[in-house]
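Heads up, entry-v9.txt below (compact mmCIF, C-alpha atoms and all ligand atoms):
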```
# COMPACT_ATOMS: atom_id res chain seq x y z
CA MET U 1 109.76 138.31 131.38
CA ASN U 2 111.79 135.12 131.81
CA GLU U 3 109.28 132.58 130.67
CA ILE U 4 108.69 129.57 128.50
CA GLN U 5 105.16 128.86 127.35
CA THR U 6 103.98 125.84 125.41
CA PHE U 7 100.84 125.40 123.34
CA VAL U 8 99.25 123.01 120.87
CA PHE U 9 97.21 123.57 117.73
CA GLU U 10 93.94 121.81 118.47
CA SER U 11 93.27 118.89 116.10
CA LEU U 12 96.48 119.46 114.10
CA SER U 13 99.07 117.39 116.05
CA ILE U 14 101.44 120.36 116.12
CA ARG U 15 102.95 121.76 119.27
CA GLY U 16 104.65 125.06 119.88
CA ALA U 17 106.69 126.90 122.48
CA ILE U 18 107.70 130.50 123.00
CA VAL U 19 110.58 131.59 125.19
CA ARG U 20 111.50 135.13 126.23
CA LEU U 21 114.44 135.85 128.54
CA ALA U 22 115.56 139.21 129.89
CA GLU U 23 117.19 139.16 133.38
CA THR U 24 117.96 135.46 133.02
CA TRP U 25 119.80 136.17 129.78
CA GLN U 26 121.68 139.08 131.38
CA GLN U 27 122.81 136.71 134.13
CA VAL U 28 124.12 134.20 131.57
CA ILE U 29 126.42 136.80 130.01
CA ALA U 30 127.29 138.75 133.17
CA GLN U 31 131.06 138.78 133.83
CA HIS U 32 131.76 137.98 130.16
CA HIS U 33 132.76 140.39 127.44
CA TYR U 34 131.71 138.57 124.32
CA PRO U 35 132.13 140.08 120.87
CA GLU U 36 128.74 141.17 119.51
CA ALA U 37 128.41 138.32 116.99
CA LEU U 38 129.24 135.71 119.61
CA ARG U 39 126.86 137.28 122.15
CA ARG U 40 124.03 137.05 119.62
CA LEU U 41 124.80 133.44 118.78
CA LEU U 42 124.94 132.52 122.47
CA GLY U 43 121.60 134.28 122.90
CA GLU U 44 120.07 132.25 120.09
CA GLY U 45 121.62 129.08 121.50
CA THR U 46 120.21 129.85 124.94
CA ALA U 47 116.71 130.40 123.54
CA ALA U 48 117.00 127.22 121.46
CA THR U 49 118.12 125.04 124.37
CA VAL U 50 115.23 126.16 126.56
CA LEU U 51 112.83 125.47 123.67
CA LEU U 52 114.34 122.00 123.18
CA ALA U 53 113.84 121.27 126.88
CA THR U 54 110.07 121.38 126.33
CA GLY U 55 108.28 118.29 125.16
CA LEU U 56 110.89 115.85 126.51
CA LYS U 57 109.76 112.90 128.58
CA GLY U 58 111.37 112.39 131.99
CA GLN U 59 112.68 115.96 132.19
CA PRO U 60 116.25 115.21 131.16
CA ARG U 61 119.01 117.76 131.38
CA ILE U 62 119.67 118.93 127.84
CA SER U 63 122.87 120.38 126.49
CA LEU U 64 123.55 122.01 123.17
CA GLN U 65 127.16 122.01 122.09
CA LEU U 66 128.54 123.62 118.97
CA GLN U 67 132.16 123.18 118.00
CA GLY U 68 133.40 125.16 115.04
CA GLU U 69 136.53 125.72 113.07
CA GLY U 70 135.66 129.34 112.29
CA PRO U 71 135.45 132.33 114.65
CA VAL U 72 133.12 130.42 116.99
CA LYS U 73 135.27 127.82 118.71
CA LEU U 74 132.75 126.56 121.22
CA LEU U 75 129.21 127.27 122.30
CA LEU U 76 127.75 125.30 125.18
CA VAL U 77 124.32 125.79 126.74
CA GLN U 78 122.69 123.54 129.32
CA CYS U 79 119.13 123.51 130.60
CA SER U 80 117.58 121.32 133.29
CA GLY U 81 114.09 119.85 133.23
CA GLU U 82 113.16 122.61 135.69
CA PHE U 83 114.32 125.23 133.16
CA GLU U 84 117.52 126.27 134.90
CA VAL U 85 119.88 127.45 132.22
CA ARG U 86 123.54 128.33 131.87
CA GLY U 87 125.78 128.88 128.90
CA MET U 88 129.22 129.91 127.69
CA ALA U 89 131.07 130.49 124.44
CA GLN U 90 134.64 130.74 123.17
CA TRP U 91 135.90 132.86 120.32
CA ARG U 92 138.87 132.69 117.92
CA ALA U 93 139.79 136.33 117.42
CA GLU U 94 142.22 135.47 114.61
CA ARG U 95 139.33 134.10 112.51
CA GLN U 96 137.20 137.22 112.84
CA GLY U 97 135.59 138.17 109.53
CA GLU U 98 135.13 134.57 108.38
CA PRO U 99 131.62 133.03 108.34
CA LEU U 100 130.51 132.63 111.93
CA LEU U 101 129.52 129.00 111.51
CA GLY U 102 132.04 127.43 109.17
CA ALA U 103 132.91 123.77 109.32
CA GLY U 104 132.07 122.11 112.59
CA ARG U 105 129.41 120.10 114.36
CA LEU U 106 126.41 120.50 116.57
CA ALA U 107 125.63 117.99 119.31
CA VAL U 108 122.51 117.69 121.42
CA ASN U 109 122.83 115.63 124.61
CA LEU U 110 120.03 114.39 126.80
CA ASP U 111 120.95 113.22 130.29
CA THR U 112 118.11 111.60 132.22
CA GLY U 113 120.23 111.44 135.36
CA GLN U 114 119.19 107.83 135.98
CA GLY U 115 122.34 105.78 135.67
CA GLY U 116 123.80 108.37 133.35
CA GLN U 117 121.66 107.42 130.37
CA GLN U 118 122.58 109.71 127.56
CA PHE U 119 121.27 110.20 124.12
CA GLN U 120 123.40 112.16 121.73
CA GLY U 121 122.59 113.44 118.29
CA ILE U 122 125.32 115.02 116.19
CA VAL U 123 125.00 116.84 112.88
CA PRO U 124 127.52 118.81 110.83
CA LEU U 125 127.02 122.56 110.76
CA VAL U 126 125.06 123.56 107.70
CA GLY U 127 124.39 127.10 106.58
CA ASN U 128 125.25 130.10 108.67
CA SER U 129 122.44 130.17 111.20
CA LEU U 130 121.71 128.18 114.31
CA ASP U 131 118.02 127.85 113.32
CA ALA U 132 119.00 126.05 110.11
CA CYS U 133 121.52 123.78 111.87
CA LEU U 134 118.96 122.76 114.48
CA GLU U 135 116.23 122.13 111.93
CA THR U 136 118.69 119.78 110.20
CA TYR U 137 119.39 118.12 113.53
CA PHE U 138 115.70 117.39 114.01
CA LYS U 139 115.31 116.15 110.47
CA GLN U 140 118.18 113.70 110.85
CA SER U 141 117.95 112.55 114.43
CA GLU U 142 114.35 112.82 115.53
CA GLN U 143 112.61 112.70 112.18
CA LEU U 144 110.17 115.29 113.46
CA PRO U 145 109.34 118.25 111.25
CA THR U 146 110.51 121.25 113.28
CA ARG U 147 110.74 124.98 112.71
CA LEU U 148 112.75 127.29 114.93
CA PHE U 149 112.85 131.07 114.99
CA LEU U 150 115.55 132.52 117.23
CA ARG U 151 116.16 136.20 117.94
CA CYS U 152 118.69 137.96 120.11
CA GLY U 153 118.08 141.66 120.68
CA GLU U 154 119.97 144.15 122.82
CA ALA U 155 118.52 143.26 126.19
CA ARG U 156 116.64 140.03 125.67
CA VAL U 157 116.50 136.82 123.69
CA ALA U 158 113.44 135.15 122.27
CA GLY U 159 112.54 132.06 120.34
CA LEU U 160 109.60 130.22 118.82
CA LEU U 161 109.44 126.49 118.17
CA LEU U 162 106.93 124.58 116.08
CA GLN U 163 107.08 120.81 115.98
CA ALA U 164 105.00 117.89 114.78
CA LEU U 165 103.90 115.73 117.70
CA PRO U 166 105.67 112.34 117.79
CA ALA U 167 103.74 109.22 116.86
CA LYS U 168 100.92 111.22 115.32
CA GLN U 169 100.01 111.89 111.75
CA THR U 170 100.74 115.53 111.07
CA ASP U 171 99.36 117.15 107.96
CA GLU U 172 102.48 118.32 106.09
CA ASP U 173 100.65 121.09 104.27
CA ALA U 174 99.22 122.44 107.53
CA PHE U 175 102.67 122.34 109.13
CA GLU U 176 104.13 124.23 106.19
CA THR U 177 101.39 126.87 106.31
CA ILE U 178 101.84 127.42 110.03
CA GLY U 179 105.62 127.56 109.60
CA ALA U 180 105.22 130.23 106.91
CA LEU U 181 102.98 132.27 109.23
CA ALA U 182 105.56 131.98 112.03
CA ALA U 183 108.35 133.06 109.69
CA THR U 184 106.74 136.50 109.41
CA VAL U 185 107.49 137.24 113.07
CA THR U 186 109.74 140.26 113.69
CA THR U 187 112.37 140.54 116.42
CA GLU U 188 110.25 143.20 118.15
CA GLU U 189 107.10 141.07 118.09
CA LEU U 190 108.83 137.93 119.31
CA GLY U 191 110.72 139.75 122.03
CA GLY U 192 108.09 142.18 123.21
CA LEU U 193 104.46 141.23 122.65
CA PRO U 194 102.47 139.41 125.34
CA THR U 195 102.19 135.74 124.36
CA THR U 196 98.44 135.78 123.73
CA VAL U 197 98.71 138.88 121.53
CA LEU U 198 101.63 137.41 119.62
CA LEU U 199 99.89 134.07 119.03
CA GLU U 200 96.70 135.81 117.94
CA ARG U 201 98.67 137.97 115.51
CA LEU U 202 100.56 135.01 114.01
CA PHE U 203 97.99 132.23 114.15
CA GLY U 204 94.69 134.09 114.47
CA GLY U 205 92.73 131.63 112.33
CA TYR U 206 93.68 128.58 114.41
CA THR U 207 92.40 127.25 117.72
CA LEU U 208 95.24 126.96 120.22
CA ARG U 209 95.43 125.45 123.68
CA LEU U 210 97.90 127.29 125.90
CA PHE U 211 99.63 125.69 128.88
CA LYS U 212 100.76 127.48 132.01
CA PRO U 213 103.94 129.55 131.49
CA ARG U 214 107.03 128.37 133.36
CA LEU U 215 109.79 130.48 134.86
CA VAL U 216 113.27 130.13 133.33
CA LYS U 217 116.09 130.80 135.78
CA HIS U 218 119.83 131.12 135.53
CA ASP U 219 121.61 128.53 137.66
CA CYS U 220 125.31 127.98 137.18
CA ARG U 221 125.55 124.95 139.49
CA CYS U 222 129.11 125.84 140.57
CA THR U 223 128.21 124.96 144.15
CA ALA U 224 130.69 124.46 147.00
CA GLU U 225 130.31 120.66 146.64
CA HIS U 226 130.93 120.71 142.91
CA LEU U 227 133.99 122.96 143.25
CA ALA U 228 135.39 120.84 146.07
CA GLY U 229 135.16 117.83 143.75
CA ILE U 230 137.28 119.65 141.17
CA VAL U 231 139.85 120.59 143.81
CA ARG U 232 140.02 116.93 144.88
CA MET U 233 140.52 115.83 141.28
CA LEU U 234 143.62 117.99 141.00
CA GLY U 235 145.31 115.66 143.52
CA ALA U 236 147.49 116.35 146.54
CA ALA U 237 150.75 116.77 144.61
CA GLU U 238 149.37 119.36 142.19
CA LEU U 239 147.63 121.21 145.02
CA ASP U 240 150.88 121.29 147.05
CA ASP U 241 152.71 122.80 144.08
CA LEU U 242 150.06 125.49 143.56
CA LEU U 243 149.99 126.44 147.24
CA ARG U 244 153.78 126.62 147.39
CA GLU U 245 154.03 128.75 144.24
CA THR U 246 151.11 131.14 144.72
CA GLY U 247 149.80 130.56 148.24
CA LYS U 248 146.36 129.66 146.91
CA VAL U 249 144.41 127.45 144.55
CA GLU U 250 142.19 129.32 142.12
CA LEU U 251 139.38 127.94 139.99
CA THR U 252 137.48 129.91 137.38
CA CYS U 253 134.03 128.71 136.39
CA GLU U 254 133.88 128.84 132.61
CA PHE U 255 130.12 129.39 132.66
CA CYS U 256 129.73 132.29 135.08
CA ASN U 257 133.38 133.41 134.88
CA ARG U 258 133.60 133.78 138.65
CA CYS U 259 136.95 133.00 140.21
CA PHE U 260 137.08 130.96 143.43
CA SER U 261 140.08 131.00 145.71
CA TYR U 262 141.19 128.44 148.32
CA ASP U 263 143.99 128.90 150.85
CA ASP U 264 145.94 126.02 152.42
CA THR U 265 143.43 125.61 155.27
CA ALA U 266 140.52 125.33 152.84
CA VAL U 267 142.42 122.86 150.64
CA ALA U 268 143.35 120.71 153.66
CA ALA U 269 139.69 120.65 154.75
CA ILE U 270 138.57 119.52 151.29
CA LEU U 271 141.23 116.78 151.12
CA ALA U 272 140.21 115.60 154.60
CA GLY U 273 136.69 115.15 153.20
CA GLY U 274 135.08 117.77 155.41
CA ALA U 275 131.95 119.63 154.41
CA PRO U 276 133.05 122.10 151.73
CA GLN U 277 132.63 125.77 152.48
CA GLN U 278 131.68 128.29 149.84
CA PRO U 279 135.08 129.64 148.72
CA THR U 280 135.84 133.34 148.49
CA HIS U 281 135.33 134.88 145.09
ZN ZN B 1 129.66 129.15 137.64
```
What do you get writing this file as C-alpha cells?
Ligand SMILES: [Zn+2]
Amino acid sequence: MNEIQTFVFESLSIRGAIVRLAETWQQVIAQHHYPEALRRLLGEGTAATVLLATGLKGQPRISLQLQGEGPVKLLLVQCSGEFEVRGMAQWRAERQGEPLLGAGRLAVNLDTGQGGQQFQGIVPLVGNSLDACLETYFKQSEQLPTRLFLRCGEARVAGLLLQALPAKQTDEDAFETIGALAATVTTEELGGLPTTVLLERLFGGYTLRLFKPRLVKHDCRCTAEHLAGIVRMLGAAELDDLLRETGKVELTCEFCNRCFSYDDTAVAAILAGGAPQQPTH
C-alpha cells in the first residue's frame, strides 16, 4: 500500500485525496535514527507533500520546508509530479521537551522545471501541528479552503486532503460539513481501510467520483551524475587537500544518509569530465 488516490464530490466543487505509504515511508527513514517525535512529524510532512502534489497543473516538483527554532530544526520533503518522494529532518537535542513547532516558518516551493520557474509561499508556524500550519498556508497563499488530516503510525503514514476546487463557487456550509465528517477519521481507519470502504464510511451520503490510484515511490535522486556535480563544485584545491589528508573524498547524502566514497582515480575522472561511475558506498 504505497498509493495516492484522488476523488471529487460530484456537483460540490470539492476535491479530495488519500495517501497511504508503508514500504515507501520505510525507505524514507531507512539509515536514519530519528527521535520518535521527529519521525512522526517527518511522516506527517511526507504524507502532506504527496497530497499537495495532487491537483497541481504542469506536474511541478513540490517541496515542503519547515525551519524551526524549537526541537525541530529542519524538515524537508520533496515530491515529483510522478510521485517520487524523499525527505529528511534535523533535530536540536538540547531543545527536547519544548513545543515541537515553536517559532519558525513553513515554505512550499513549486518548481516547474521549465526555466527554473518557482513559486514560493511562506507562512509563520502557527499552533503545534503540521495540519494547522498547512491549512494556514492555504488560507494565506492560495485562498482555497483546505482541510488536512495527517497520521503517522508505527509502520505507515497516511493523510487525507479536502480542498475547494479553484475558480469554482464552493458552498462553504457543504465544505464545513464534509470537513467535520473527515475529522472523525481515526488513525487506524485512515491507515488501514481500503479506500472505497473508508470513503463510504466517512462520506456515505455523498456521490463521489474516484480516479485511478497512483503509485508513490521513494527516489532519492543522488545519482552518479548528481554526486559528480557536487564533487566538481568542491574544486580542485579542496579535493587535493582531502585526498592528501584522508586518501578519499566522502559525500553523505542528507536525504538517504548513504555515504559515497571516491579515491584519487575516481576524482581525477570526474574532474576530467568523464562519465561518472556510481561511487562505492
Ligand atoms: Zn540520497
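With all atoms listed in the file counted, the chains near ligand ZN 1 (chain B) contribute these residues within 7 Å: Cys220, Arg221, Cys222, Cys253, Glu254, Phe255, Cys256, Asn257 and Arg258 of chain U.
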Kindly provide the residues of region 139-252 of chain U that approach region 33-56 of chain U to within 7 Å, each paired with its closest atom pair and their distance in Å to one decimal, based on all atoms listed in the file, listed by chain and increasing number, as CSV.
```
residue,atom,partner,partner_atom,distance
U:Leu150,CA,U:Glu44,CA,5.4
U:Arg151,CA,U:Glu44,CA,6.0
U:Cys152,CA,U:Arg40,CA,5.4
U:Val157,CA,U:Gly43,CA,5.8
U:Ala158,CA,U:Ala47,CA,5.9
U:Gly159,CA,U:Ala47,CA,5.5
U:Leu161,CA,U:Leu51,CA,6.5
```
Store the residues of this selection in a file with C-alpha atoms, as a compact mmCIF listing (two decimals), in the frame of the given file.
```txt
# COMPACT_ATOMS: atom_id res chain seq x y z
CA LEU U 150 115.55 132.52 117.23
CA ARG U 151 116.16 136.20 117.94
CA CYS U 152 118.69 137.96 120.11
CA VAL U 157 116.50 136.82 123.69
CA ALA U 158 113.44 135.15 122.27
CA GLY U 159 112.54 132.06 120.34
CA LEU U 161 109.44 126.49 118.17
```
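Considering the residues U:Ala182, U:Met1, U:Leu100, U:Ile230 and counting all atoms listed in the file, Leu130 (chain U) has its shortest atom-to-atom contact with U:Leu100.
The list of residues with at least one atom within 12 Å of Gly205 (chain U), based on all atoms listed in the file and without residues fewer than 6 positions apart in the same chain, reads Phe9, Glu10, Thr177, Ile178, Leu181 and Leu199 of chain U.
Closest approach to Phe203 (chain U) among U:Leu144, U:Asp240, U:Gly179, U:Gln67: U:Gly179, based on only C-alpha atoms.
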Which residues, written as a ChimeraX atom specification, have at least one atom at most 7 Å from Glu250 (chain U), with only C-alpha atoms counted and residues fewer than 4 positions away on the same chain left out? /U:259-262
Have a look at U:Ile29, U:Val197, U:Met88, U:Ala266 and name the one nearest to Ala224 (chain U); count only C-alpha atoms. U:Ala266
For region 9-32 of chain U versus region 190-195 of chain U, which residues have an atom no more than 12 Å away, and what is each residue's nearest atom pair and distance in Å rounded to one decimal, using all atoms listed in the file, chain-then-number order, as CSV?
```
residue,atom,partner,partner_atom,distance
U:Gly16,CA,U:Thr195,CA,11.8
U:Ala17,CA,U:Thr195,CA,10.1
U:Ile18,CA,U:Thr195,CA,7.7
U:Val19,CA,U:Gly191,CA,8.8
U:Arg20,CA,U:Gly191,CA,6.3
U:Leu21,CA,U:Gly191,CA,8.5
U:Ala22,CA,U:Gly191,CA,9.2
```
Who sits within 10 Å of Gly229 (chain U), all atoms listed in the file, same chain under 3 positions skipped, as a ChimeraX atom specification: /U:223-226,232-234,270-271,273,276
Keeping only C-alpha atoms, write the selected residues to a file as a compact mmCIF listing (two decimals), keeping the file's coordinate frame.
```
# COMPACT_ATOMS: atom_id res chain seq x y z
CA THR U 223 128.21 124.96 144.15
CA ALA U 224 130.69 124.46 147.00
CA GLU U 225 130.31 120.66 146.64
CA HIS U 226 130.93 120.71 142.91
CA ARG U 232 140.02 116.93 144.88
CA MET U 233 140.52 115.83 141.28
CA LEU U 234 143.62 117.99 141.00
CA ILE U 270 138.57 119.52 151.29
CA LEU U 271 141.23 116.78 151.12
CA GLY U 273 136.69 115.15 153.20
CA PRO U 276 133.05 122.10 151.73
```
Determine, for each residue of region 139-246 of chain U having at least one atom at most 10 Å from an atom of region 70-83 of chain U, the closest pair of atoms and their separation in Å to one decimal, counting all atoms listed in the file; order by chain and ascending number, as CSV.
```
residue,atom,partner,partner_atom,distance
U:Arg214,CA,U:Phe83,CA,7.9
U:Leu215,CA,U:Phe83,CA,7.1
U:Val216,CA,U:Phe83,CA,5.0
U:Lys217,CA,U:Phe83,CA,6.4
U:His218,CA,U:Phe83,CA,8.4
U:Asp219,CA,U:Cys79,CA,9.0
U:Cys220,CA,U:Gln78,CA,9.4
```
Could you save those same residues with C-alpha atoms as a short mmCIF file (atom, residue, chain, number, x, y, z; two decimals), keeping the file's coordinate frame?
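Result file again20.cif:
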```cif
data_model
loop_
_atom_site.label_atom_id
_atom_site.label_comp_id
_atom_site.auth_asym_id
_atom_site.auth_seq_id
_atom_site.Cartn_x
_atom_site.Cartn_y
_atom_site.Cartn_z
CA ARG U 214 107.03 128.37 133.36
CA LEU U 215 109.79 130.48 134.86
CA VAL U 216 113.27 130.13 133.33
CA LYS U 217 116.09 130.80 135.78
CA HIS U 218 119.83 131.12 135.53
CA ASP U 219 121.61 128.53 137.66
CA CYS U 220 125.31 127.98 137.18
#
```
CA of Phe7 (chain U) to CA of Tyr137 (chain U), distance in Å rounded to a single decimal: 22.2 Å
What are the centre and edge lengths in Å, to one decimal, of the axis-aligned box around all listed atoms of region 230-237 of chain U with 8 Å added on each side, as lines of an AutoDock Vina configuration file?
```
center_x = 144.0
center_y = 118.1
center_z = 143.8
size_x = 29.5
size_y = 20.9
size_z = 21.5
```
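We find CA of Ile14 (chain U) and CA of Gly58 (chain U) to be spaced 20.3 Å apart.
Going from CA of Ala180 (chain U) to CA of Arg209 (chain U) covers 20.0 Å.
Of the listed residues U:Glu69, U:Asp171, U:Glu189, U:Glu3, the one whose atoms come nearest to Ala103 (chain U) is U:Glu69, with distances taken using only C-alpha atoms.
Excluding Leu148 (chain U) and any residue on its chain fewer than 4 positions from it, the residues at most 7 Å away by only C-alpha atoms are U:Asp131, U:Glu135, U:Leu160, U:Leu161, U:Leu162.
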